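Heads up, the thing below is written out as structure tokens.
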Amino acid sequence: MGKVLYLVDGSLLAYRAFYAFIRNPLRTSKGENTSAVFGFTNSLLKILNDYNPEYIAVFFDSPTPTFRHKLFEEYKATRPPAPDELKPQIPKIKAIVKYLGIPVIEVPGIEADDAIGIVAEKAAAANWDVVIVGSDKDFLQLLSPKIKLLDPREFKLYGKEKVEEKWGVPAEYGADFLALVGDDIDNIPGVPGIGPKTAAQLIRKWGSIENIYENLPKVTPEKVRKLLEQHRDRAMLSKKLATLRLEQPLEVRFEELRRGEIQREPLLKMFRELEFTSLMKKIGGFKLRPYPVRDTHEDYVKGVTKLAIVWDDDFYGISKAEGDAIVVTDKQKLGSLVSDPNISKIVPDVKYLHKNYEVAGHVFDTSIASYLLEPDLKDHSVEYLSAAYLAIPIEVPKQPSFSERTALLGLKAEVLYRVERILLEELREKQLDRLYYEIDLPLARVLAHMEKVGVLIDVGYLEAESQRLARELHELERQIYAIAGEVFNIRSPKQLSYILFEKLKLPKGKRRKTGPSTDVEVLEKLAEEHEIARLLLQYREKYKLKSSYIDVLPQIRDAYGRIHAEWNQTVTATGRLSSSNPNLQNIPKREIRKAFIAPKGRVLLAADYSQIELRIMASLSEDPNLMDAFFKGEDIHTKTAKLLFGEENPETRRRAKVVNFGIMYGMGPYGLSQELKCPIQEAHAFIANYFATYPKVKEWIDRTLEFAREHGYVTTILGRRRYFKNLNHPNANLRRFEERAAINAPIQGSAADMIKKAMLDIYRTFEKEGIPADMIIQVHDELVFEVDESVKDEVREIVRKKMETAIPLKVPVKVEIGEGYTWYEAHT
């Protein structure tokens, strides 16, 4: 086979990618739409990886009008202008194409389709094989033994002989086919009333559109003949519009279409900015090399003071210098390495080491460092760091062989050794090193202890609750079926939708791709008037309680009846901790919390910051009215109710609470009106009155947004950063989203820092003084401890003091502490 040239319709690929995600757009953590860039790049990488073309070019339409616009003013007139969220993605797409070493062709006055046709014909004439990547039917007329079509929708290759199977007409009659059926996308009019089936029959019998009209008197049926006769001019115009103009001047030098080297650094930098972590690993060209494999590390580490260490289930890799690493097959020996106080360690997960070994000496955790530098990212793995900082993509095979496993471990160890310096420099440059060393890094040891200790559950209570809920669910099913008039799968959205909206004719709310929505919001609205919706809400609540918690928790307990959740510190953008397997931060406060118990001789203490975020807002803004309330020990919601509404009662206090938290979370008039279920004008007035009451809060919000717009980030009291790229974005929705997040981030992030600092102080005090107490749960502003009954009063005072003094504020900090033999009792 001779030389093969791939010609990609870039404009089509970009539009197709954007609209493929139109119902559920891909967005960065900042809210920026990246659907077109991601879909386009993913398709292009598939072409590169599957076909490995040596010669390739990507074509884009130029904004300059072409002959078709002059021939027919309405040409492409019905095609909507490029959406606002697509336009800024096109330059990024073109940049990525160039970084991949692929030429970009955009010719003023010549459409991409025509340019592709011209290059394809010239290449075929020069005895090249050509593959056109596109799904436009215009390309059918080009197909020949030397020119094929690769449809990017299904990645199938069509030659001339297969076209008739798919479209029903020979390839050379593609323009004639469009002349009859038209093209809605390009606004080619075609002949009204003639569809693809009739057009194919006409072309198979008579051939070209010109020949059809020469034989018009013979065309049957009469209805089709009359349509053709009536719309002759439209048909001929359509043929001109659909026919590729291959005589236009376009100079082609095939060697200039040779694929160049990938520009890894700018490409991976762009992927990093767009948060395409999955694509970062698809950039080929990097080959794994073997590393020495040994059964011990002793000789390798003699005299070494710093090592990078990575591991999998069986082996570990270590590196003592750039370009130098070994793999050790006896993982049992890892413990002696991490416990050596004379060796500084660079690792990807220090919490794992604390859970499984005695850790001594200085440790640098790359994932925690990466998280502090890029808190919005979800991936802080060695693979990500390698691609982002060293331009070395690592793609892990699904079932790696022994040699691949060892090669990967050696490479990862090398990567960690190299990125430590880069990460540390960035931490220092952004003044995050103190936060790293004093809060986030040492906290990993506390979390490891919490995971090891776990929390005891009452299996008998959960089994009884499971039986009770089963009876209640059965009764709810009976009532729902009675109203519905039939038995159906209540948990099937499709079947439920039929019952509610087709059979019972209830009013429809939101729509999904599969039909009318049956989500909670829709059911809550329906429940105001319809009994079945109220019963369905009860059913869902009880079913989720039973299936997600009550029946699951006993299955994941250990031999001692304890469950061991994971505590994650590199997940949330705000600095908060998260929990998984199971998520203890999402445990319902009533029935399920009764199942979390203290063992005999111990008690649970639950310590909760009182209105900590509002206190932080008062401290940051220094608003005298807000600060005064906290100094006097007043209930802030009651005070706000009196100031805003002139009186305090349960309803005005509830509304004041919504306003207090709404302002703190950057809520605007519309959001507030939705929460309070009041007219938007009234919500405007509430916000205006709030800022009149607390004017320094408004000043602080304005200062925070001004700083964020200028610097691109905001900080917590301890300097934790959260970045915002779209505060000046022309898209108002995107801009307002970031403004709300920028207002809240310093408050919520400072609260997260405060409880982390408290956790460290409390843990160290327990450890230093040998106090028989364990921190076992953290839920944002709350800490739960399992404590020997003999020291519960002492622990209560330690916890209160450490929590209240963790980070000094300009207003008093209050901590409420409860105790009991269940989490429910302790919290209430």
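We label chains A, B, ... in the order they appear in the structure tokens, count residues from 1 in each chain, and number ligands from 1 in the order shown.
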### Message
So that I can check the surroundings of Tyr723 of chain A, please list as a PyMOL selection string every protein, DNA and RNA residue that reaches within 8 Å of it, counting only C-alpha atoms and ignoring chain neighbours fewer than 2 positions away.
### Response
chain A and resi 374+376+712-714+721+725
### Message
Residues within 8 Å of Lys757 of chain A, please, as a count of residues only. Count only C-alpha atoms; anything in the same chain fewer than 6 positions from it doesn't count.
### Response
3
### Message
Report as an MDAnalysis selection string all protein, DNA and RNA residues lying within 8 Å of segment 618-622 of chain A, evaluated on only C-alpha atoms, omitting residues in the same chain fewer than 2 positions from it.
### Response
chainID A and resid 614:616 624 626:627 696:697 699:700 809:811
### Query
Residues of segment 517-548 of chain A in helix (DSSP H, G or I) according to DSSP, as a PyMOL selection string?
chain A and resi 520-527+531-548
### Query
For Val787 of chain A, which residue out of A:Lys544, A:Asp608, A:His474, A:Val455 is the nearest one, using only C-alpha atoms?
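Answer, going by the shortest atom-to-atom distance: A:Val455.
Excluding segment 479-489 of chain A itself and same-chain residues fewer than 4 positions from it, the residues having an atom within 8 Å of it are Glu475, Gln495, Leu496, Ile499, Lys503, Leu504, Ile532, Leu535 and Leu536 of chain A, counting only C-alpha atoms.
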With N, CA, C and O atoms retained, export the selected residues as a short mmCIF file (atom, residue, chain, number, x, y, z; two decimals), in the first residue's frame.
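What landed in again.cif:
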```cif
data_model
loop_
_atom_site.label_atom_id
_atom_site.label_comp_id
_atom_site.auth_asym_id
_atom_site.auth_seq_id
_atom_site.Cartn_x
_atom_site.Cartn_y
_atom_site.Cartn_z
N GLU A 475 -46.84 -1.75 53.13
CA GLU A 475 -48.11 -1.03 53.28
C GLU A 475 -48.19 0.15 52.31
O GLU A 475 -49.24 0.40 51.71
N GLN A 495 -41.98 3.24 34.27
CA GLN A 495 -43.29 2.74 34.66
C GLN A 495 -44.03 3.75 35.53
O GLN A 495 -45.24 3.94 35.39
N LEU A 496 -43.30 4.41 36.42
CA LEU A 496 -43.93 5.42 37.27
C LEU A 496 -44.44 6.59 36.44
O LEU A 496 -45.53 7.11 36.69
N ILE A 499 -47.74 5.66 34.90
CA ILE A 499 -48.85 5.67 35.86
C ILE A 499 -49.29 7.10 36.17
O ILE A 499 -50.48 7.43 36.14
N LYS A 503 -51.72 7.35 32.76
CA LYS A 503 -52.93 6.72 33.29
C LYS A 503 -53.72 7.65 34.19
O LYS A 503 -54.94 7.80 34.03
N LEU A 504 -53.02 8.30 35.16
CA LEU A 504 -53.73 9.18 36.11
C LEU A 504 -53.85 10.62 35.61
O LEU A 504 -54.51 11.44 36.25
N ILE A 532 -51.07 10.19 45.86
CA ILE A 532 -50.10 9.19 45.38
C ILE A 532 -48.68 9.75 45.39
O ILE A 532 -47.73 9.04 45.70
N LEU A 535 -47.39 9.66 48.96
CA LEU A 535 -47.02 8.29 49.33
C LEU A 535 -45.71 7.87 48.65
O LEU A 535 -44.89 7.18 49.25
N LEU A 536 -45.51 8.30 47.41
CA LEU A 536 -44.28 7.96 46.69
C LEU A 536 -43.06 8.59 47.36
O LEU A 536 -42.00 7.96 47.44
#
```
### Query
Near Ala692 of chain A, counting only C-alpha atoms, which residues have an atom at most 12 Å away, once you skip same-chain residues fewer than 5 positions from it, shown as a ChimeraX atom specification?
/A:623,625,640,643-644,685-687,697-699
With C-alpha atoms kept, could you save the residues just selected as a PDB file, in the first residue's frame?
```
ATOM      1  CA  ASP A 623     -19.442  44.101  60.891  1.00  0.00           C
ATOM      2  CA  ASN A 625     -23.961  44.469  64.328  1.00  0.00           C
ATOM      3  CA  THR A 640     -31.650  39.134  61.963  1.00  0.00           C
ATOM      4  CA  LEU A 643     -33.815  43.674  62.278  1.00  0.00           C
ATOM      5  CA  LEU A 644     -35.277  42.588  58.933  1.00  0.00           C
ATOM      6  CA  ALA A 685     -35.814  44.018  49.383  1.00  0.00           C
ATOM      7  CA  PHE A 686     -34.629  41.403  51.906  1.00  0.00           C
ATOM      8  CA  ILE A 687     -31.101  41.516  50.499  1.00  0.00           C
ATOM      9  CA  VAL A 697     -20.679  42.358  55.161  1.00  0.00           C
ATOM     10  CA  LYS A 698     -21.452  43.994  51.812  1.00  0.00           C
ATOM     11  CA  GLU A 699     -18.085  45.760  51.870  1.00  0.00           C
TER      12      GLU A 699
END
```
Restrict the calculation to only C-alpha atoms, then for each residue of segment 216-279 of chain A with any atom at most 8 Å from an atom of segment 18-38 of chain A give the closest atom pair and their distance in Å to one decimal, rows by chain and rising residue number, as a tab-separated table.
```
residue	atom	partner	partner_atom	distance
A:Leu274	CA	A:Thr28	CA	6.5
A:Glu275	CA	A:Thr28	CA	6.3
A:Phe276	CA	A:Phe38	CA	7.4
```
